[in-house]
>>> print(open('data.txt').read())   # compact mmCIF, C-alpha atoms and all ligand atoms
# COMPACT_ATOMS: atom_id res chain seq x y z
CA MET A 1 5.31 -20.69 20.86
CA SER A 2 4.84 -17.46 22.73
CA ILE A 3 3.68 -13.92 22.20
CA LEU A 4 5.57 -10.86 23.36
CA VAL A 5 3.23 -8.20 24.71
CA THR A 6 4.73 -4.76 25.26
CA GLY A 7 2.80 -2.70 27.79
CA GLY A 8 0.99 -5.82 28.96
CA ALA A 9 0.51 -4.46 32.49
CA GLY A 10 -1.55 -1.55 31.16
CA TYR A 11 -5.29 -1.19 30.74
CA ILE A 12 -5.90 -2.80 27.35
CA GLY A 13 -2.78 -4.97 27.51
CA SER A 14 -3.77 -6.67 30.78
CA HIS A 15 -7.25 -7.55 29.49
CA THR A 16 -5.78 -8.87 26.25
CA VAL A 17 -3.21 -10.99 28.11
CA VAL A 18 -6.00 -12.56 30.19
CA GLU A 19 -7.91 -13.50 27.04
CA LEU A 20 -4.76 -14.86 25.38
CA LEU A 21 -3.94 -16.95 28.45
CA ASN A 22 -7.51 -18.21 28.47
CA ILE A 23 -7.04 -19.71 24.99
CA GLY A 24 -3.75 -21.31 26.02
CA GLU A 25 -1.20 -18.86 24.61
CA GLU A 26 2.17 -18.45 26.34
CA ILE A 27 2.79 -14.82 27.20
CA ILE A 28 5.87 -12.70 27.76
CA ILE A 29 5.30 -9.15 28.96
CA ILE A 30 7.66 -6.20 28.94
CA ASP A 31 6.52 -3.16 30.87
CA ASN A 32 8.31 -0.36 32.71
CA PHE A 33 5.28 0.49 34.89
CA SER A 34 5.35 4.10 33.72
CA ASN A 35 1.55 3.95 33.68
CA SER A 36 0.72 0.73 35.51
CA LYS A 37 1.64 -1.22 38.61
CA PRO A 38 3.23 -4.58 39.38
CA SER A 39 0.15 -5.88 41.23
CA THR A 40 -1.71 -6.01 37.90
CA LEU A 41 0.53 -8.90 36.91
CA GLU A 42 -0.58 -10.81 40.00
CA SER A 43 -4.20 -10.05 39.17
CA ILE A 44 -3.73 -11.32 35.61
CA LYS A 45 -2.31 -14.60 36.95
CA GLU A 46 -5.12 -14.90 39.48
CA ILE A 47 -7.82 -14.42 36.86
CA ALA A 48 -6.32 -16.71 34.24
CA LYS A 49 -4.74 -19.16 36.68
CA LYS A 50 -1.68 -19.28 34.44
CA GLU A 51 1.90 -18.07 34.67
CA ILE A 52 3.49 -15.36 32.55
CA ARG A 53 7.09 -14.48 31.80
CA PHE A 54 7.80 -10.89 32.76
CA TYR A 55 10.56 -8.38 32.05
CA GLU A 56 10.54 -5.05 33.81
CA GLY A 57 12.14 -2.70 31.33
CA ASP A 58 11.83 -0.16 28.61
CA TYR A 59 10.71 -1.32 25.18
CA THR A 60 12.67 1.52 23.60
CA ASN A 61 15.89 -0.14 24.82
CA LYS A 62 17.46 -2.31 22.13
CA GLU A 63 19.59 -4.33 24.57
CA THR A 64 16.57 -5.18 26.71
CA LEU A 65 14.62 -6.31 23.67
CA GLU A 66 17.54 -8.37 22.35
CA LYS A 67 17.83 -10.07 25.72
CA ILE A 68 14.14 -10.97 25.56
CA PHE A 69 14.40 -12.38 22.05
CA GLU A 70 17.62 -14.26 22.94
CA GLU A 71 16.09 -15.80 26.05
CA ASN A 72 12.75 -16.65 24.44
CA LYS A 73 13.39 -18.31 21.12
CA ASP A 74 9.76 -19.37 20.97
CA ILE A 75 8.38 -15.85 20.31
CA THR A 76 6.30 -15.88 17.15
CA ALA A 77 4.42 -12.59 17.37
CA VAL A 78 4.49 -9.22 19.09
CA ILE A 79 1.57 -7.10 20.26
CA ASN A 80 2.65 -3.52 20.90
CA PHE A 81 0.55 -1.73 23.53
CA ALA A 82 3.43 0.17 25.13
CA GLY A 83 3.41 3.91 24.65
CA TYR A 84 2.12 7.10 26.15
CA LYS A 85 -1.53 7.92 25.53
CA SER A 86 -2.57 11.18 27.11
CA VAL A 87 -3.71 13.70 24.50
CA GLY A 88 -3.25 16.77 26.74
CA GLU A 89 0.14 15.68 28.06
CA SER A 90 1.36 15.06 24.51
CA VAL A 91 0.79 18.74 23.71
CA GLN A 92 2.98 19.68 26.69
CA LYS A 93 5.64 17.02 26.10
CA PRO A 94 5.80 16.29 22.37
CA LEU A 95 9.39 15.01 22.40
CA GLU A 96 8.62 12.47 25.12
CA TYR A 97 5.64 11.25 23.10
CA TYR A 98 7.49 11.04 19.78
CA THR A 99 10.40 9.27 21.47
CA ASN A 100 8.44 6.76 23.49
CA ASN A 101 5.88 5.96 20.83
CA ILE A 102 7.74 6.31 17.54
CA SER A 103 11.34 5.51 18.51
CA GLY A 104 9.95 2.68 20.63
CA ALA A 105 8.05 1.20 17.70
CA LEU A 106 11.09 1.60 15.41
CA ILE A 107 13.48 -0.10 17.80
CA LEU A 108 11.00 -2.88 18.43
CA LEU A 109 10.45 -3.46 14.71
CA LYS A 110 14.18 -3.39 13.96
CA THR A 111 14.84 -5.90 16.70
CA MET A 112 12.02 -8.11 15.45
CA GLN A 113 13.57 -7.92 11.98
CA LYS A 114 16.94 -8.98 13.37
CA TYR A 115 15.35 -12.03 14.98
CA ASN A 116 13.18 -12.70 11.94
CA ILE A 117 9.90 -12.33 13.83
CA LYS A 118 7.45 -10.67 11.51
CA LYS A 119 3.98 -10.90 13.06
CA PHE A 120 3.03 -7.57 14.60
CA ILE A 121 -0.17 -6.16 16.04
CA PHE A 122 -0.28 -2.43 16.63
CA SER A 123 -2.58 -0.41 18.91
CA SER A 124 -3.74 2.45 16.77
CA SER A 125 -6.63 4.77 17.40
CA ALA A 126 -9.67 6.38 15.82
CA THR A 127 -7.75 9.59 16.36
CA VAL A 128 -5.89 8.92 13.08
CA TYR A 129 -9.07 9.91 11.20
CA GLY A 130 -8.73 13.48 12.48
CA GLU A 131 -11.91 15.39 11.58
CA PRO A 132 -13.99 12.46 10.21
CA GLU A 133 -14.52 12.52 6.47
CA ARG A 134 -17.85 10.79 7.03
CA ILE A 135 -19.68 8.95 9.78
CA PRO A 136 -19.64 6.05 10.44
CA LEU A 137 -15.92 5.78 9.81
CA THR A 138 -14.73 2.96 7.60
CA GLU A 139 -11.10 1.93 7.28
CA GLU A 140 -11.02 3.57 3.84
CA CYS A 141 -11.83 7.04 5.22
CA LYS A 142 -9.02 9.53 4.89
CA THR A 143 -6.57 9.76 7.76
CA GLY A 144 -4.51 12.73 8.86
CA GLY A 145 -5.17 16.15 10.30
CA THR A 146 -4.46 14.93 13.82
CA THR A 147 -4.70 17.73 16.33
CA ASN A 148 -2.13 16.64 18.93
CA PRO A 149 1.27 14.89 19.06
CA TYR A 150 -0.24 11.71 20.54
CA GLY A 151 -2.53 11.28 17.55
CA THR A 152 0.32 12.11 15.20
CA THR A 153 2.47 9.33 16.69
CA LYS A 154 -0.27 6.84 15.77
CA LEU A 155 -0.53 8.25 12.25
CA TYR A 156 3.24 8.11 11.72
CA ILE A 157 3.59 4.60 13.09
CA GLU A 158 0.82 3.44 10.74
CA GLN A 159 2.80 4.97 7.86
CA ILE A 160 6.02 3.31 9.04
CA LEU A 161 4.22 -0.03 9.11
CA LYS A 162 2.86 0.48 5.59
CA ASP A 163 6.34 1.38 4.31
CA LEU A 164 7.85 -1.60 6.09
CA TYR A 165 5.34 -3.96 4.55
CA LYS A 166 5.95 -2.46 1.10
CA SER A 167 9.68 -3.08 1.48
CA ASP A 168 9.23 -6.66 2.66
CA ASN A 169 5.89 -8.30 2.20
CA SER A 170 6.78 -11.28 4.33
CA TRP A 171 5.69 -9.14 7.30
CA ASP A 172 2.30 -9.90 8.78
CA ILE A 173 0.86 -6.76 10.33
CA ALA A 174 -2.48 -5.84 11.89
CA ILE A 175 -3.22 -2.20 12.64
CA LEU A 176 -6.15 -2.02 15.05
CA ARG A 177 -7.88 1.33 15.34
CA TYR A 178 -9.57 1.40 18.73
CA PHE A 179 -12.53 3.62 19.34
CA ASN A 180 -13.28 4.47 23.01
CA PRO A 181 -12.44 1.59 25.34
CA VAL A 182 -14.26 1.57 28.69
CA GLY A 183 -15.24 -1.01 31.31
CA ALA A 184 -13.13 -3.55 33.10
CA HIS A 185 -12.81 -7.29 33.61
CA GLU A 186 -15.94 -8.67 35.25
CA SER A 187 -13.84 -9.99 38.17
CA GLY A 188 -13.14 -6.39 39.18
CA LYS A 189 -9.45 -7.32 39.53
CA ILE A 190 -8.10 -5.36 36.55
CA GLY A 191 -9.30 -2.14 35.02
CA GLU A 192 -8.38 1.37 34.02
CA GLU A 193 -6.39 3.39 36.48
CA PRO A 194 -5.47 6.81 35.17
CA GLN A 195 -3.05 8.72 37.33
CA GLY A 196 -4.22 12.07 38.69
CA ILE A 197 -7.39 13.67 37.38
CA PRO A 198 -8.71 11.62 34.46
CA ASN A 199 -9.02 13.15 31.00
CA ASN A 200 -11.40 10.58 29.62
CA LEU A 201 -15.11 10.54 30.20
CA MET A 202 -15.76 7.17 31.86
CA PRO A 203 -13.01 7.33 34.50
CA TYR A 204 -14.18 10.85 35.31
CA ILE A 205 -17.82 9.76 35.67
CA VAL A 206 -16.77 6.91 37.95
CA ARG A 207 -14.84 9.24 40.24
CA VAL A 208 -17.73 11.69 40.42
CA ALA A 209 -20.12 8.87 41.27
CA GLY A 210 -17.67 7.66 43.92
CA GLY A 211 -17.44 11.10 45.47
CA GLN A 212 -13.74 11.59 44.69
CA LEU A 213 -14.52 14.38 42.24
CA GLU A 214 -17.30 16.87 42.74
CA GLN A 215 -18.98 17.04 39.38
CA LEU A 216 -18.51 16.19 35.73
CA SER A 217 -17.89 19.02 33.29
CA ILE A 218 -19.61 18.24 30.02
CA PHE A 219 -17.44 19.84 27.36
CA GLY A 220 -19.99 21.60 25.17
CA ASN A 221 -23.71 21.12 24.55
CA ASP A 222 -23.87 23.01 21.29
CA TYR A 223 -22.47 20.39 18.91
CA ASN A 224 -24.52 19.29 15.97
CA THR A 225 -25.51 16.01 17.65
CA LYS A 226 -28.71 14.48 19.06
CA ASP A 227 -28.52 16.46 22.34
CA GLY A 228 -25.66 18.84 21.62
CA THR A 229 -23.00 16.83 23.50
CA GLY A 230 -20.16 14.87 21.90
CA VAL A 231 -20.90 11.43 20.49
CA ARG A 232 -18.42 8.52 20.69
CA ASP A 233 -18.21 4.80 20.07
CA TYR A 234 -17.62 3.29 23.52
CA ILE A 235 -16.45 -0.31 23.47
CA HIS A 236 -16.03 -2.72 26.37
CA VAL A 237 -12.33 -3.43 26.92
CA VAL A 238 -12.92 -7.19 27.02
CA ASP A 239 -14.53 -7.07 23.57
CA LEU A 240 -11.57 -5.02 22.41
CA ALA A 241 -9.17 -7.57 23.92
CA LYS A 242 -10.91 -10.36 22.06
CA GLY A 243 -10.44 -8.42 18.82
CA HIS A 244 -6.69 -8.95 19.26
CA LEU A 245 -7.14 -12.71 19.45
CA LYS A 246 -9.07 -12.62 16.20
CA ALA A 247 -6.43 -10.42 14.57
CA LEU A 248 -3.73 -12.84 15.68
CA GLU A 249 -5.74 -15.75 14.30
CA LYS A 250 -5.94 -13.91 10.98
CA LEU A 251 -2.17 -13.32 10.91
CA ASN A 252 -1.53 -16.97 11.74
CA LYS A 253 -3.91 -18.09 9.01
CA GLU A 254 -2.69 -15.86 6.19
CA LYS A 255 0.78 -16.14 4.69
CA SER A 256 1.44 -12.42 5.06
CA GLY A 257 -0.32 -9.09 4.74
CA LEU A 258 -1.04 -5.72 6.24
CA TYR A 259 -4.53 -5.42 7.61
CA ILE A 260 -6.32 -2.45 9.13
CA TYR A 261 -9.42 -2.82 11.28
CA ASN A 262 -11.68 -0.51 13.22
CA LEU A 263 -12.48 -1.98 16.62
CA GLY A 264 -15.67 -0.32 17.74
CA THR A 265 -19.33 -1.18 18.22
CA GLY A 266 -20.73 0.96 15.44
CA THR A 267 -23.01 2.81 17.86
CA GLY A 268 -22.48 6.37 19.05
CA TYR A 269 -23.58 7.57 22.47
CA SER A 270 -23.60 11.19 23.60
CA VAL A 271 -22.04 12.38 26.85
CA LEU A 272 -25.50 12.91 28.34
CA GLU A 273 -26.56 9.43 27.29
CA MET A 274 -23.45 8.04 28.98
CA VAL A 275 -24.26 9.86 32.20
CA LYS A 276 -27.84 8.56 32.18
CA ALA A 277 -26.78 5.01 31.30
CA PHE A 278 -24.23 5.04 34.11
CA GLU A 279 -26.77 6.28 36.64
CA LYS A 280 -29.27 3.64 35.55
CA ALA A 281 -26.76 0.77 35.56
CA THR A 282 -25.21 1.58 38.94
CA GLY A 283 -27.85 3.52 40.86
CA GLN A 284 -25.26 6.25 41.52
CA LYS A 285 -25.83 9.94 40.86
CA VAL A 286 -23.47 11.81 38.56
CA PRO A 287 -23.79 15.57 39.11
CA TYR A 288 -22.68 17.54 36.07
CA LYS A 289 -22.42 21.02 34.66
CA ILE A 290 -22.15 22.23 31.09
CA ALA A 291 -18.70 23.66 30.40
CA PRO A 292 -17.11 25.16 27.27
CA ARG A 293 -16.01 22.87 24.48
CA ARG A 294 -12.62 21.19 24.95
CA GLU A 295 -10.05 22.26 22.40
CA GLY A 296 -9.38 19.65 19.71
CA ASP A 297 -12.64 17.73 20.31
CA ILE A 298 -14.83 16.70 17.41
CA ALA A 299 -18.62 16.42 17.51
CA THR A 300 -19.12 12.84 16.47
CA CYS A 301 -16.91 9.81 16.06
CA TYR A 302 -18.11 6.27 15.63
CA SER A 303 -17.08 3.31 13.58
CA ASN A 304 -18.38 1.11 10.91
CA PRO A 305 -17.08 -2.18 12.37
CA GLU A 306 -18.23 -4.40 9.46
CA LYS A 307 -14.78 -5.12 8.07
CA ALA A 308 -13.64 -6.72 11.33
CA GLN A 309 -16.89 -8.65 11.50
CA ARG A 310 -16.52 -9.89 7.93
CA GLU A 311 -12.80 -10.67 7.91
CA LEU A 312 -12.09 -11.52 11.54
CA ASN A 313 -15.46 -12.90 12.57
CA TRP A 314 -15.30 -10.46 15.49
CA LYS A 315 -18.08 -8.33 16.87
CA ALA A 316 -18.37 -6.37 20.09
CA GLU A 317 -20.93 -8.13 22.27
CA LYS A 318 -21.10 -6.36 25.60
CA THR A 319 -23.79 -3.80 26.28
CA LEU A 320 -23.52 -0.22 27.46
CA GLU A 321 -24.96 -1.39 30.78
CA GLU A 322 -22.10 -3.87 31.18
CA MET A 323 -19.57 -1.17 30.28
CA CYS A 324 -20.95 1.08 33.03
CA LYS A 325 -21.39 -1.68 35.63
CA ASP A 326 -17.90 -3.09 35.11
CA SER A 327 -16.27 0.36 35.22
CA TRP A 328 -18.03 1.03 38.51
CA ASN A 329 -17.35 -2.43 39.88
CA TYR A 330 -13.60 -2.02 39.34
CA TRP A 331 -13.58 1.37 41.02
CA LYS A 332 -15.59 0.14 44.02
CA PHE A 333 -13.15 -2.61 44.93
P1 LIG A 401 -1.87 2.16 29.38
O1 LIG A 401 -1.08 3.38 29.66
O2 LIG A 401 -2.78 1.64 30.43
O3 LIG A 401 -0.88 0.97 28.98
C1 LIG A 401 0.35 1.18 28.35
C2 LIG A 401 1.38 0.35 29.11
O4 LIG A 401 2.64 0.54 28.48
C3 LIG A 401 1.54 0.77 30.58
O5 LIG A 401 1.53 -0.38 31.40
C4 LIG A 401 2.90 1.46 30.63
O6 LIG A 401 3.53 1.29 31.86
C5 LIG A 401 3.62 0.77 29.49
N1 LIG A 401 4.70 1.54 28.88
C6 LIG A 401 4.65 2.81 28.42
N2 LIG A 401 5.85 3.16 27.91
C7 LIG A 401 6.65 2.07 28.04
C8 LIG A 401 8.00 1.81 27.71
N3 LIG A 401 8.79 2.74 27.14
N4 LIG A 401 8.51 0.57 27.96
C9 LIG A 401 7.75 -0.37 28.54
N5 LIG A 401 6.46 -0.17 28.90
C10 LIG A 401 5.92 1.04 28.64
O7 LIG A 401 -2.64 2.41 28.01
P2 LIG A 401 -3.83 1.58 27.35
O8 LIG A 401 -5.09 2.34 27.51
O9 LIG A 401 -3.77 0.18 27.78
O10 LIG A 401 -3.42 1.70 25.83
C11 LIG A 401 -2.64 0.70 25.19
C12 LIG A 401 -2.33 1.17 23.78
O11 LIG A 401 -3.54 1.43 23.10
C13 LIG A 401 -1.53 2.47 23.72
O12 LIG A 401 -0.62 2.37 22.66
C14 LIG A 401 -2.58 3.50 23.44
O13 LIG A 401 -2.06 4.61 22.76
C15 LIG A 401 -3.55 2.72 22.56
N6 LIG A 401 -4.91 3.28 22.57
C16 LIG A 401 -5.55 3.45 23.76
C17 LIG A 401 -6.82 4.02 23.76
C18 LIG A 401 -7.55 4.26 25.06
O14 LIG A 401 -8.49 5.03 25.05
N7 LIG A 401 -7.16 3.63 26.16
C19 LIG A 401 -7.46 4.37 22.55
C20 LIG A 401 -6.77 4.15 21.37
C21 LIG A 401 -5.50 3.59 21.39
N1 LIG A 402 -15.93 14.59 27.91
C1 LIG A 402 -16.59 15.45 28.77
N2 LIG A 402 -16.08 15.65 30.02
C2 LIG A 402 -14.96 15.02 30.45
C3 LIG A 402 -14.28 14.15 29.58
C4 LIG A 402 -14.80 13.96 28.31
O1 LIG A 402 -17.61 16.03 28.40
O2 LIG A 402 -14.54 15.26 31.60
C5 LIG A 402 -16.50 14.35 26.58
C6 LIG A 402 -15.57 14.76 25.45
O3 LIG A 402 -15.75 16.12 25.13
C7 LIG A 402 -16.01 13.80 24.34
C8 LIG A 402 -16.42 12.53 25.09
O4 LIG A 402 -16.66 12.95 26.43
O5 LIG A 402 -17.14 14.30 23.68
C9 LIG A 402 -15.33 11.47 25.11
O6 LIG A 402 -14.11 12.04 25.57
P1 LIG A 402 -12.85 11.15 25.97
O7 LIG A 402 -11.78 12.08 26.45
O8 LIG A 402 -13.26 10.05 26.88
O9 LIG A 402 -12.45 10.46 24.60
P2 LIG A 402 -12.00 11.07 23.21
O10 LIG A 402 -12.94 10.57 22.19
O11 LIG A 402 -11.80 12.53 23.28
O12 LIG A 402 -10.55 10.41 23.02
C10 LIG A 402 -10.28 9.05 23.31
C11 LIG A 402 -8.84 8.91 23.72
C12 LIG A 402 -7.96 9.19 22.55
C13 LIG A 402 -8.34 8.34 21.39
C14 LIG A 402 -9.81 8.52 21.07
C15 LIG A 402 -10.25 7.62 19.97
O13 LIG A 402 -8.51 9.80 24.78
O14 LIG A 402 -6.63 8.88 22.89
O15 LIG A 402 -10.58 8.26 22.21
O16 LIG A 402 -9.90 6.32 20.25
F1 LIG A 402 -7.62 8.68 20.32
>>> encode(input="data.txt", output="structure tokens")
Amino acid sequence: MSILVTGGAGYIGSHTVVELLNIGEEIIIIDNFSNSKPSTLESIKEIAKKEIRFYEGDYTNKETLEKIFEENKDITAVINFAGYKSVGESVQKPLEYYTNNISGALILLKTMQKYNIKKFIFSSSATVYGEPERIPLTEECKTGGTTNPYGTTKLYIEQILKDLYKSDNSWDIAILRYFNPVGAHESGKIGEEPQGIPNNLMPYIVRVAGGQLEQLSIFGNDYNTKDGTGVRDYIHVVDLAKGHLKALEKLNKEKSGLYIYNLGTGTGYSVLEMVKAFEKATGQKVPYKIAPRREGDIATCYSNPEKAQRELNWKAEKTLEEMCKDSWNYWKF
């Protein structure tokens, strides 16, 4: 029995593959390295001390997928990490985002259907909640009102999965809505590596602390939050990875179903709190300035993670200090 992981060389995929290998799962990865590098595969093998089967290719290509399913008759489930994820870039290149994310998911699902593989885990995002109906966000909160094509791809794919399940309830689907993943594997061998100037807070902080960027711009200090800066639910990527193992366990246990879970810690930290926590955890200074609000940002976004705790027996365990230390540790080496 094996699991096909699309985008397994990426940030969240690589950490999830390590955890899956650690519990003895056989893994097949497809990745085209559009946002990752081959050496990550070596690092995964080094950490887990296990082999993986790898296909370099595009998950939007039907022939490539069919080849994988033909050559690996033991695939029982698919975890779909592959896709583009940059909010700003998606505004500039909507067609690329809709094609890679939505067409990719459709082709993958159709190919799975052809090979009668019906266990599917999808990387969704808190972005599907748009402007939060209430805080903390539960899975029942309204979705929609996404403010960029990236977020809209997640919303549409969720809808596609719901329609698919309605049409054929022998599918077994988990939609995981990630909050803000940060940190890296404690070995320092895998982590987040955004290309160019990072958009997200933690990679930016790390590069300022490391002297590669001059100072952090804090996007707005006039939000209705504890200190005026944006509040988010940062979650250690290894905790997030483990959430996938629990989701898989659930799909293996139940006959079929469509399940939606928030994967977050349930705690919101402001940008200023993140800067202070990082400085304390690493001893590095993070110079910053207050800049105007970033378009499309919301004030506060954090989860109510109780459903995942109740139904999956999963809970984020790593502290903010570990998130900061591990992010820094990865950057340093
Ligand atoms: P990532 O960019 O590090 O990983 C995605 C991987 O998919 C990369 O290795 C990339 O090379 C690969 N890929 C992209 N298009 C492909 C294609 N057509 N064929 C084959 N491989 C392809 O991103 P990540 O942070 O690991 O995110 C994984 C998933 O989680 C994405 O779907 C993302 O939208 C979602 N997500 C991420 C965050 C976050 O903050 N990182 C938050 C919510 C949801
Ligand atoms: N921020 C700054 N300066 C920066 C970068 C970010 O002040 O240089 C602030 C933002 O304004 C926000 C907070 O830090 O208040 C977090 O911003 P991120 O860009 O790190 O994260 P977002 O919550 O905006 O978005 C991320 C992903 C989305 C995903 C969402 C929810 O980029 O793809 O989390 O999972 F949908």
>>> axis_aligned_box(input="data.txt", around="ligand LIG 402 (chain A)", padding_each_side="5 Å", output="JSON")
{"center_x": -12.1, "center_y": 11.2, "center_z": 25.8, "size_x": 21.0, "size_y": 19.8, "size_z": 21.6}
>>> residues_near_ligand(input="data.txt", ligand="ligand LIG 401 (chain A)", cutoff="7 Å", atoms="only C-alpha atoms and all ligand atoms", output="compact mmCIF listing (two decimals) with C-alpha atoms, in the frame of the given file")
# COMPACT_ATOMS: atom_id res chain seq x y z
CA THR A 6 4.73 -4.76 25.26
CA GLY A 7 2.80 -2.70 27.79
CA GLY A 8 0.99 -5.82 28.96
CA ALA A 9 0.51 -4.46 32.49
CA GLY A 10 -1.55 -1.55 31.16
CA TYR A 11 -5.29 -1.19 30.74
CA ILE A 12 -5.90 -2.80 27.35
CA GLY A 13 -2.78 -4.97 27.51
CA ILE A 30 7.66 -6.20 28.94
CA ASP A 31 6.52 -3.16 30.87
CA ASN A 32 8.31 -0.36 32.71
CA PHE A 33 5.28 0.49 34.89
CA SER A 34 5.35 4.10 33.72
CA ASN A 35 1.55 3.95 33.68
CA SER A 36 0.72 0.73 35.51
CA GLY A 57 12.14 -2.70 31.33
CA ASP A 58 11.83 -0.16 28.61
CA TYR A 59 10.71 -1.32 25.18
CA THR A 60 12.67 1.52 23.60
CA ASN A 80 2.65 -3.52 20.90
CA PHE A 81 0.55 -1.73 23.53
CA ALA A 82 3.43 0.17 25.13
CA GLY A 83 3.41 3.91 24.65
CA TYR A 84 2.12 7.10 26.15
CA LYS A 85 -1.53 7.92 25.53
CA ASN A 100 8.44 6.76 23.49
CA GLY A 104 9.95 2.68 20.63
CA SER A 123 -2.58 -0.41 18.91
CA SER A 124 -3.74 2.45 16.77
CA SER A 125 -6.63 4.77 17.40
CA ALA A 126 -9.67 6.38 15.82
CA ARG A 177 -7.88 1.33 15.34
CA TYR A 178 -9.57 1.40 18.73
CA PHE A 179 -12.53 3.62 19.34
CA ASN A 180 -13.28 4.47 23.01
CA PRO A 181 -12.44 1.59 25.34
CA GLU A 192 -8.38 1.37 34.02
>>> residues_near_ligand(input="data.txt", ligand="ligand LIG 402 (chain A)", cutoff="9 Å", atoms="all atoms listed in the file", output="ChimeraX atom specification")
/A:85-88,124-128,150-151,154,177-182,198-205,216-221,229-234,270-272,274,290-291,293-301
>>> residues_near_point(input="data.txt", point="(16.6, -1.2, 18.0)", cutoff="9 Å", atoms="only C-alpha atoms", output="PyMOL selection string")
chain A and resi 60-63+65-66+103-112
>>> closest_residue(input="data.txt", among="A:Val286, A:Val238, A:Ile260, A:Ile79", to="Gln215 (chain A)", atoms="all atoms listed in the file")
A:Val286
>>> closest_residue(input="data.txt", among="A:Leu312, A:Met1, A:Ala247, A:Ala277", to="Glu25 (chain A)", atoms="all atoms listed in the file")
A:Met1
>>> residues_around(input="data.txt", residues="Gln113 (chain A)", least_positions_apart="5", cutoff="12 Å", atoms="all atoms listed in the file", output="ChimeraX atom specification")
/A:65-66,69,76-78,106-108,118-120,164-165,168,170-172
>>> residues_around(input="data.txt", residues="Ser43 (chain A)", least_positions_apart="6", cutoff="12 Å", atoms="only C-alpha atoms", output="PyMOL selection string")
chain A and resi 9-10+14-15+17-18+37+49-52+185+187-191
>>> closest_residue(input="data.txt", among="A:Pro292, A:Gly183, A:Pro136, A:Gly228", to="Ala241 (chain A)", atoms="all atoms listed in the file")
A:Gly183
>>> closest_residue(input="data.txt", among="A:Ile135, A:Val91, A:Val206, A:Ile173", to="Lys285 (chain A)", atoms="only C-alpha atoms")
A:Val206
>>> closest_residue(input="data.txt", among="A:Ile27, A:Cys324, A:Cys141, A:Ala48", to="Thr282 (chain A)", atoms="all atoms listed in the file")
A:Cys324
>>> atom_distance(input="data.txt", atom1="CA of Tyr330 (chain A)", atom2="CA of Glu193 (chain A)")
9.5 Å
>>> atom_distance(input="data.txt", atom1="CA of Tyr115 (chain A)", atom2="CA of Asp74 (chain A)")
11.0 Å
>>> closest_residue(input="data.txt", among="A:Leu4, A:Ile160, A:Leu213, A:Ala174", to="Lys246 (chain A)", atoms="all atoms listed in the file")
A:Ala174
>>> atom_distance(input="data.txt", atom1="CA of Ile102 (chain A)", atom2="CA of Ile75 (chain A)")
22.3 Å
